[in-house]
Amino acid sequence: MQKTILIVHGMRKGKLNETLEHFVHTLFDGTEIDYDVAFLESEERSLETVIDATVQQGYRALNLVPLLLFTASHYYEDIADQVQTWTTQYPQVHFELAEPLGTHSAMGDWVSHQIARYNDDIDDTTGVVILAHGNARFDEPDIALTRLAQQHTNEQLQCYPSMVYGKLKFQETLPPLAAKYQKLLIIPFFFYDGYLVNKTKRQIGELNLPTEITYTTAINFDPVLKSIILARIAACEEAHHVSDTVELV
């Protein structure tokens, strides 16, 4: 039997996990995917707890699909490193870890749609900024976000990457852009307009940048995530199939 575990960051306490789980179930309402939701931070539905329960139910193939935008500490240290432990702990189970969601081409389409919504307000005095979480210890988010920004840069539009944490942190990247452009359109590349997005907006406001700033909405569990997650699940299932074929041979 095969099952997919959708891995959400979550919080150890509070009601946020219930909200996130509701969002996920809403995305997959009406599908026949056999899945469960686990959290990296939770007192009741931790990833370890959900995996143990799933194995005890008799599942022998698990697709681990992190609802993370980029590979960084959570992906590598909280999930990928643990897969090695679980593989030893449950030798009868085949674990397949999916890639993060933010590097899928459909997320580039989402950015394009966000820009298109403000197309009438964008001119040669406007700079577009894609703002993401970032990580001080891993370069992958910087590389992926920079690539995404470059994909949306052309003769009519300049698009720039910026982060809350790491080398591209907004305290250093936004002031030069504010000096160059009369207007900045900032696209929060986050799953939802929650605490961190609102906190970052306040911090950007405290910079008193000499430019007009407009924010688009965050992803807010846009239906595009469903198609991306399904694609990640399909890739995992294909990997299981290849593995099974190799074992048969």
# chains A, B, ... in the order shown; residues from 1 in each chain; ligands from 1
>>> select_by_dssp(residues="segment 186-233 of chain A", states="helix (DSSP H, G or I)", output="count of residues only")
22
>>> residues_around(residues="Ile186 of chain A", least_positions_apart="6", cutoff="9 Å", atoms="only C-alpha atoms", output="ChimeraX atom specification")
/A:127-131,213-216
>>> residues_around(residues="Ala132 of chain A", least_positions_apart="2", cutoff="10 Å", atoms="only C-alpha atoms", output="PyMOL selection string")
chain A and resi 69-70+129-130+134-135+141-142+145+161-165+168-170+187-191+197+218
>>> residues_around(residues="Arg60 of chain A", least_positions_apart="6", cutoff="9 Å", atoms="only C-alpha atoms", output="PyMOL selection string")
chain A and resi 1-3+54+92-95
>>> select_by_dssp(residues="segment 168-201 of chain A", states="strand (DSSP E or B)", output="list in words")
Lys169, Lys183, Leu184, Leu185, Ile186, Ile187 and Pro188 of chain A
>>> residues_around(residues="Val8 of chain A", least_positions_apart="6", cutoff="8 Å", atoms="only C-alpha atoms", output="PDB file with C-alpha atoms, in the first residue's frame")
ATOM      1  CA  LEU A  20      -3.294  25.016   7.623  1.00  0.00           C
ATOM      2  CA  VAL A  37      -1.001  15.795   6.857  1.00  0.00           C
ATOM      3  CA  ALA A  38       1.994  16.052   9.178  1.00  0.00           C
ATOM      4  CA  PHE A  39       3.711  19.059  10.733  1.00  0.00           C
ATOM      5  CA  LEU A  40       7.364  19.834  11.355  1.00  0.00           C
ATOM      6  CA  PRO A  66       7.102  18.960   1.799  1.00  0.00           C
ATOM      7  CA  LEU A  67       4.884  22.016   1.416  1.00  0.00           C
ATOM      8  CA  LEU A  68       7.991  24.168   1.337  1.00  0.00           C
TER       9      LEU A  68
END
>>> atom_distance(atom1="atom CA of Glu41 of chain A", atom2="atom CA of Pro100 of chain A")
17.8 Å
>>> closest_residue(among="A:Arg12, A:His152, A:Arg202, A:Arg117", to="Glu44 of chain A", atoms="only C-alpha atoms")
A:Arg12
>>> atom_distance(atom1="atom CA of Phe23 of chain A", atom2="atom CA of Ile228 of chain A")
15.1 Å
>>> atom_distance(atom1="atom CA of Glu155 of chain A", atom2="atom CA of Ala178 of chain A")
19.6 Å
>>> residues_around(residues="Gln182 of chain A", least_positions_apart="4", cutoff="10 Å", atoms="only C-alpha atoms", output="list in words")
Asp123, Asp124, Thr125, Thr126, Gly127, Leu177, Ala178, Pro210, Thr211, Glu212 and Ile213 of chain A
>>> write_last_selection(atoms="N, CA, C and O atoms", output="PDB file, in the first residue's frame")
ATOM      1  N   ASP A 123       5.069  50.792 -15.099  1.00  0.00           N
ATOM      2  CA  ASP A 123       5.709  51.511 -16.209  1.00  0.00           C
ATOM      3  C   ASP A 123       7.216  51.491 -15.984  1.00  0.00           C
ATOM      4  O   ASP A 123       7.721  50.735 -15.142  1.00  0.00           O
ATOM      5  N   ASP A 124       7.950  52.332 -16.725  1.00  0.00           N
ATOM      6  CA  ASP A 124       9.411  52.281 -16.615  1.00  0.00           C
ATOM      7  C   ASP A 124       9.931  52.874 -15.312  1.00  0.00           C
ATOM      8  O   ASP A 124      11.144  52.866 -15.060  1.00  0.00           O
ATOM      9  N   THR A 125       9.030  53.384 -14.461  1.00  0.00           N
ATOM     10  CA  THR A 125       9.450  53.882 -13.139  1.00  0.00           C
ATOM     11  C   THR A 125       9.159  52.851 -12.046  1.00  0.00           C
ATOM     12  O   THR A 125       9.302  53.149 -10.861  1.00  0.00           O
ATOM     13  N   THR A 126       8.768  51.647 -12.457  1.00  0.00           N
ATOM     14  CA  THR A 126       8.365  50.610 -11.504  1.00  0.00           C
ATOM     15  C   THR A 126       9.371  49.468 -11.481  1.00  0.00           C
ATOM     16  O   THR A 126       9.766  48.936 -12.528  1.00  0.00           O
ATOM     17  N   GLY A 127       9.770  49.068 -10.275  1.00  0.00           N
ATOM     18  CA  GLY A 127      10.601  47.885 -10.091  1.00  0.00           C
ATOM     19  C   GLY A 127       9.766  46.810  -9.416  1.00  0.00           C
ATOM     20  O   GLY A 127       8.995  47.104  -8.499  1.00  0.00           O
ATOM     21  N   LEU A 177      16.998  49.905  -4.651  1.00  0.00           N
ATOM     22  CA  LEU A 177      15.891  49.867  -5.609  1.00  0.00           C
ATOM     23  C   LEU A 177      14.962  51.064  -5.406  1.00  0.00           C
ATOM     24  O   LEU A 177      14.440  51.637  -6.368  1.00  0.00           O
ATOM     25  N   ALA A 178      14.760  51.438  -4.146  1.00  0.00           N
ATOM     26  CA  ALA A 178      13.905  52.595  -3.851  1.00  0.00           C
ATOM     27  C   ALA A 178      14.520  53.887  -4.383  1.00  0.00           C
ATOM     28  O   ALA A 178      13.802  54.834  -4.735  1.00  0.00           O
ATOM     29  N   PRO A 210      12.067  56.067   0.079  1.00  0.00           N
ATOM     30  CA  PRO A 210      11.506  57.187  -0.698  1.00  0.00           C
ATOM     31  C   PRO A 210      10.845  56.733  -1.990  1.00  0.00           C
ATOM     32  O   PRO A 210      11.188  57.208  -3.082  1.00  0.00           O
ATOM     33  N   THR A 211       9.899  55.838  -1.870  1.00  0.00           N
ATOM     34  CA  THR A 211       9.231  55.304  -3.055  1.00  0.00           C
ATOM     35  C   THR A 211       7.850  54.807  -2.674  1.00  0.00           C
ATOM     36  O   THR A 211       7.584  54.497  -1.503  1.00  0.00           O
ATOM     37  N   GLU A 212       6.978  54.707  -3.634  1.00  0.00           N
ATOM     38  CA  GLU A 212       5.637  54.166  -3.414  1.00  0.00           C
ATOM     39  C   GLU A 212       5.710  52.644  -3.480  1.00  0.00           C
ATOM     40  O   GLU A 212       6.241  52.087  -4.437  1.00  0.00           O
ATOM     41  N   ILE A 213       5.173  51.981  -2.466  1.00  0.00           N
ATOM     42  CA  ILE A 213       5.249  50.521  -2.404  1.00  0.00           C
ATOM     43  C   ILE A 213       3.848  49.916  -2.456  1.00  0.00           C
ATOM     44  O   ILE A 213       2.961  50.317  -1.706  1.00  0.00           O
TER      45      ILE A 213
END
>>> closest_residue(among="A:Ile33, A:Ser112, A:Leu6, A:Tyr75", to="Glu21 of chain A", atoms="only C-alpha atoms")
A:Leu6
>>> closest_residue(among="A:His74, A:Lys180, A:Arg147, A:Lys226", to="Asp29 of chain A", atoms="only C-alpha atoms")
A:Lys226
>>> closest_residue(among="A:Thr173, A:Thr200, A:Thr217, A:Thr19", to="Tyr118 of chain A", atoms="only C-alpha atoms")
A:Thr217
>>> closest_residue(among="A:Leu184, A:Leu207, A:Leu16, A:Ala144", to="His104 of chain A", atoms="only C-alpha atoms")
A:Ala144
>>> closest_residue(among="A:Ala106, A:Ala136, A:Ile51, A:Met11", to="Leu225 of chain A", atoms="only C-alpha atoms")
A:Ala106
